[in-house]
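Read the structure below first, then the notes.
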Amino acid sequence: MRVLLYTGKGGVGKTTLALASALGAARHGHRVCVLSSDPAHSLADALGQPVGPNMRRIAENVHAREIHAQVELDGAWQSIQAWLRELLRDEADALVAEELLAFPGIEELVTLRAVREVEQTGDFDVCIIDCAPTGSTMRMLRFPDALRIFMEHFFEFERKGARWLRPLVRGFDAGRLIPKEEFFDAFERLYEEIDDVRQILLDGDRTSARLVVNPMRVVVDETRRSFAYLSLYGIATDAVLVNRVMPESVAGGYFSRWLELEREELDAIERSFPVPIRRVSLRSKEVIGTKALEALALDLFGDEDPAARFSSGRPIRFRRVGGRTRMEIDLPGITKEEIEVFAKGADLHLRVRNGRRSISLPESLIGRPIEKVRLREPVLEIHFGNG
Amino acid sequence: MRLILYTGKGGVGKTTTAAATAAWAAERGLRTLVVSADAAHSLGDVFAESLGPEPRRLAQRLDALEVDARHVIEMHWGRVRAYLVELLRYQGIDEVIADELALLPGAEELATLVCVEDWAASGEYDLILVDCAPTGSTLRLVTLPEVVHSGLRWLLRLQRAAARIVEPIASGLVAVPLPSAEVFAEADRLFYKTLHRLRARLLSADTSVRIVVTPESMVIDEARRSLTDLCLFQLASDAVIMNRILPEEALREEFFRDWRDLQAKRLSEVKEAFAPMACLTAPLQPDEVRGVRALAAHGKMLFGELDPAAHLGRALRMRFECDDEGARIRLPLPGLDRKTLEVTRVEDELIVGVAGRRRKIALPAGFAKLEVDRVSYRDEQLVVSFVAPNASPPPAPSA
């Protein structure tokens, strides 16, 4: 199954292009599923028909579903939820407690889990995820890593701690606050599920990110950084989709300055991203409903299959040059000052602006010194010595 | 000290509007700070300046900062973090990973609130404007003190009790470092006192939310949902700002022929859905709005004679209740003619029709499984009661 992540700055038209791509891919014979992971869902708004938390058919060979943390929690993880309910029992009123169960990060978590579910049904060839705006998407992508760290270092400790404490506080009011053994089992299962998804996301043959952008400076600036974060987390971006390009027919008049600025940004887009660029112009009406979305897909992709892999590049590569190994990462829009690199044990620690990741080094590079770190825009090169 | 949060769907121009409000308020004599709370910061891009986690002076009386969760955690949570690092070291891992953990879900929202409260309490500003992350995250930000207030207070009480019991036993068995009294004192300070203050600050009469929209149906639909969420948490919104209205001159372009009617329709929709909040409008500018000067001019145009820091309108006091007797929505609608009243439920929306006009209300998640039971109008208040289907009690967690 092919997984496509549609992300980008808020308001650029992620939902619209994700749906257009889904309808376009269905026309090429794929069975497509669209998941919306933005807690502020707008699939239904863009389709002009209800979608909801259950998989619903929206067109021939296209199904869609909004991820609602609450509904997911009701369905799965009864024990995790039961514990949280206990925790909040006499503190918040019932209604607020219900809302609070959707604690920060939960949407990201349930979305990852939903991807796995879709894969396991075997009912779909393509899964398109309409992601939340950049900030939360980055959080979603680092979630599996954070969870792995937690599991490796804390989990057994907590579980043992709870086993100890349980008999000690039995009978006290505080006793109900210690999670039950089932809670830990549920948590462990959850971790395994998320780890499966991690494998899917990091596999460039299966998963590609698509960055949606508008030809405006603030948007392009942020999108470059998003591309860099995606690279850092090991996700391959295979295309940049430019939405809402002002049509030539409005040249002159009120929009003449806009057009000038747009042209500059379109050039900048072509220069900045090491992947194919596809464009579609602003429409004279709101794009709502499957018909309008299908027409948009044709303008955007022409005869191409929207589910195809537009670029075979990998975000992180190891390369042998002159008997030495170097690691390369695509980091557009990042300055040298925003990068920090060091190796520790079997891991390479990388900090790029607000993003951090530790990457497991291949066996052959463990213990090798880093000789040089060079930024040749947009590629960061890390040269390893023969130590 | 006036605190105003700007929220709205992504891309509607929240950052530009917040920055324009700040630049114009500072020019009018208020000591102003504008804070970017979106982890994907673009406040610096709008001012064409590079910003960091400490306020940077951009013009007379005008400061700006971009929240960095790591920075806030280091400032406020030094001992707790130090303890965690120690604990981690015991587990055989190093400081780098402790840093990682500082960015677990929720840390960013928490950091933003703590940062805002710090500057609000500092007495250095008359006005603080927060450019929030797109809608979903903003709500989380607002719920956070509530979550922590109710959840962690218990957890900490438990841990404190547990440390007292376990330490004597544990110290004889394993070398697990147990949190010291200072660690608890600091966690206590952060979680109870600071967050309690934060909550009080958010609910104070000096705090308002402003919802930014554009004349697009997708954007307005989302704004209505966030109004429901804000009411749910009793946050007062004083205005809705409609951005990017195409001016007469632009509408003359053949390409935008259909926009004229659509735009007028959306504007009246917004006025109706958000009354009695104020509704301000700003035209799409012929050039990009960038830099303090352009922003101040934009702010001047947006507010005209109004004080940008004033309470621009009255908050909509819609109340959601849920107890043993069921769930209810209370909506103040003065001077309503009962005969023209019509209430229908469509999917996750409640449609209230009064004298031929329709007001759509997004229902909160807790109401999703319920059905409309009764509609009444008393003391100028419309009350819509809900029951669970099959007349079983409502799904209240405490029931």
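By convention here, the chains of the structure tokens are called A, B, ... in the order presented, each chain's residues are numbered starting at 1, and ligands are numbered starting at 1 in the order presented.
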Non-local contacts of segment 55-71 of chain B (7 Å; only C-alpha atoms; under 6 positions in same chain excluded) as a PyMOL selection string: chain B and resi 23+26+30-37+41+102+107-108+111-112
Can you list every residue in segment 169-297 of chain A that DSSP puts in helix (DSSP H, G or I), as number ranges by chain? A: 169, 173-177, 181-202, 217-232, 248-250, 253-272, 290-297
Please list as a VMD selection string every residue within 12 Å of Glu60 of chain A, counting only C-alpha atoms and excluding residues in the same chain fewer than 2 positions away. chain A and resid 22 to 33 56 to 58 62 to 64 290 294
Could you write those residues out with C-alpha atoms, as a CSV table (one decimal), in the first residue's frame?
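Final output, saved to out.csv:
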chain,number,residue,atom,x,y,z
A,22,ALA,CA,-7.5,10.8,-4.1
A,23,LEU,CA,-10.1,11.2,-6.8
A,24,GLY,CA,-7.4,11.4,-9.5
A,25,ALA,CA,-5.7,8.2,-8.2
A,26,ALA,CA,-9.1,6.4,-8.3
A,27,ARG,CA,-9.4,7.4,-11.9
A,28,HIS,CA,-6.1,5.5,-12.5
A,29,GLY,CA,-7.7,2.4,-11.0
A,30,HIS,CA,-6.5,2.5,-7.4
A,31,ARG,CA,-8.7,1.8,-4.4
A,32,VAL,CA,-8.1,4.9,-2.3
A,33,CYS,CA,-8.6,5.8,1.3
A,56,ARG,CA,-17.5,6.3,4.3
A,57,ARG,CA,-17.6,5.9,0.5
A,58,ILE,CA,-17.4,9.3,-1.1
A,62,VAL,CA,-12.7,6.4,-2.8
A,63,HIS,CA,-13.4,6.2,0.9
A,64,ALA,CA,-12.7,8.8,3.6
A,290,THR,CA,-16.2,15.9,-6.0
A,294,GLU,CA,-11.7,16.0,-10.0
Counting only C-alpha atoms, what is within 7 Å of Ser360 of chain A, bar same-chain residues fewer than 6 positions away, as a PyMOL selection string? chain A and resi 346-348
For the selection you just gave me, I'd like the residues written to a file as a compact mmCIF listing (two decimals), in the first residue's frame, keeping C-alpha atoms.
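Heads up, here's the output in selection-v5.txt:
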# COMPACT_ATOMS: atom_id res chain seq x y z
CA ALA A 346 26.02 3.87 17.86
CA ASP A 347 23.93 6.98 17.25
CA LEU A 348 24.36 10.18 15.34
Using only C-alpha atoms for the distances, tell me which of B:Asp131, B:Asp118, B:Glu288, B:Asp323 is nearest to Leu259 of chain A. B:Glu288
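Distances to Tyr6 of chain B were evaluated for B:Val46, B:Leu316, B:Val384, B:Ala20 using only C-alpha atoms, and the minimum falls at B:Ala20.
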Taking 4 positions as the minimum chain separation for residues in the same chain, which residues sit within 6 Å of Ser21 of chain A when counting only C-alpha atoms? Answer as a PyMOL selection string. chain A and resi 17+25+297+306
Dump N, CA and C atoms for the selected residues as a PDB file, in the first residue's frame?
ATOM      1  N   LEU A  17      -6.223  19.542  -2.033  1.00  0.00           N
ATOM      2  CA  LEU A  17      -5.340  18.784  -2.921  1.00  0.00           C
ATOM      3  C   LEU A  17      -5.269  17.305  -2.540  1.00  0.00           C
ATOM      4  N   ALA A  25      -6.329   9.524  -8.319  1.00  0.00           N
ATOM      5  CA  ALA A  25      -5.721   8.192  -8.228  1.00  0.00           C
ATOM      6  C   ALA A  25      -6.776   7.113  -8.492  1.00  0.00           C
ATOM      7  N   ALA A 297      -7.754  17.993  -9.985  1.00  0.00           N
ATOM      8  CA  ALA A 297      -6.739  16.930 -10.086  1.00  0.00           C
ATOM      9  C   ALA A 297      -6.195  16.857 -11.512  1.00  0.00           C
ATOM     10  N   PRO A 306      -1.617  10.317  -9.755  1.00  0.00           N
ATOM     11  CA  PRO A 306      -1.241  11.062  -8.542  1.00  0.00           C
ATOM     12  C   PRO A 306      -0.598  10.183  -7.472  1.00  0.00           C
TER      13      PRO A 306
END
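In this model, the gap between atom CA of Ala343 of chain A and atom CA of Arg148 of chain A comes to 19.4 Å.
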Selection: 8 Å around Pro315 of chain A, only C-alpha atoms, excl. self and same-chain fewer than 3 positions, as number ranges by chain: A: 231-232, 234-237, 328-330
Mind checking which residues fall within 6 Å of segment 239-242 of chain A, counting only C-alpha atoms, ignoring those fewer than 4 positions away in the same chain, and posting them as a tab-separated table (two decimals) with C-alpha atoms, in the first residue's frame?
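Generated output (out_27.tsv):
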chain	number	residue	atom	x	y	z
A	210	ARG	CA	3.77	15.97	-0.52
A	211	LEU	CA	4.27	19.57	0.49
A	212	VAL	CA	1.49	21.91	-0.51
A	213	VAL	CA	2.55	25.51	-0.93
A	214	ASN	CA	1.15	28.86	-2.16
A	275	VAL	CA	12.01	17.28	-6.16
A	276	PRO	CA	9.49	17.77	-9.00
A	277	ILE	CA	7.10	20.73	-8.73
A	278	ARG	CA	3.45	20.60	-9.88
A	279	ARG	CA	1.25	23.69	-10.16
Can you list, as a PyMOL selection string, all residues belonging to segment 100-349 of chain A that DSSP tags as strand (DSSP E or B)? chain A and resi 126-130+207-213+237-245+277-281+316-321+324-330+339-344+347-349
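Minimum atom-to-atom distance to Glu325 of chain B, evaluated using only C-alpha atoms, belongs to B:Ser385 out of B:Thr281, B:Ser376, B:Ser42, B:Ser385.
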Can you work out the spacing between atom CA of Phe342 of chain A and atom CA of Arg376 of chain A in Å, to one decimal? 18.5 Å
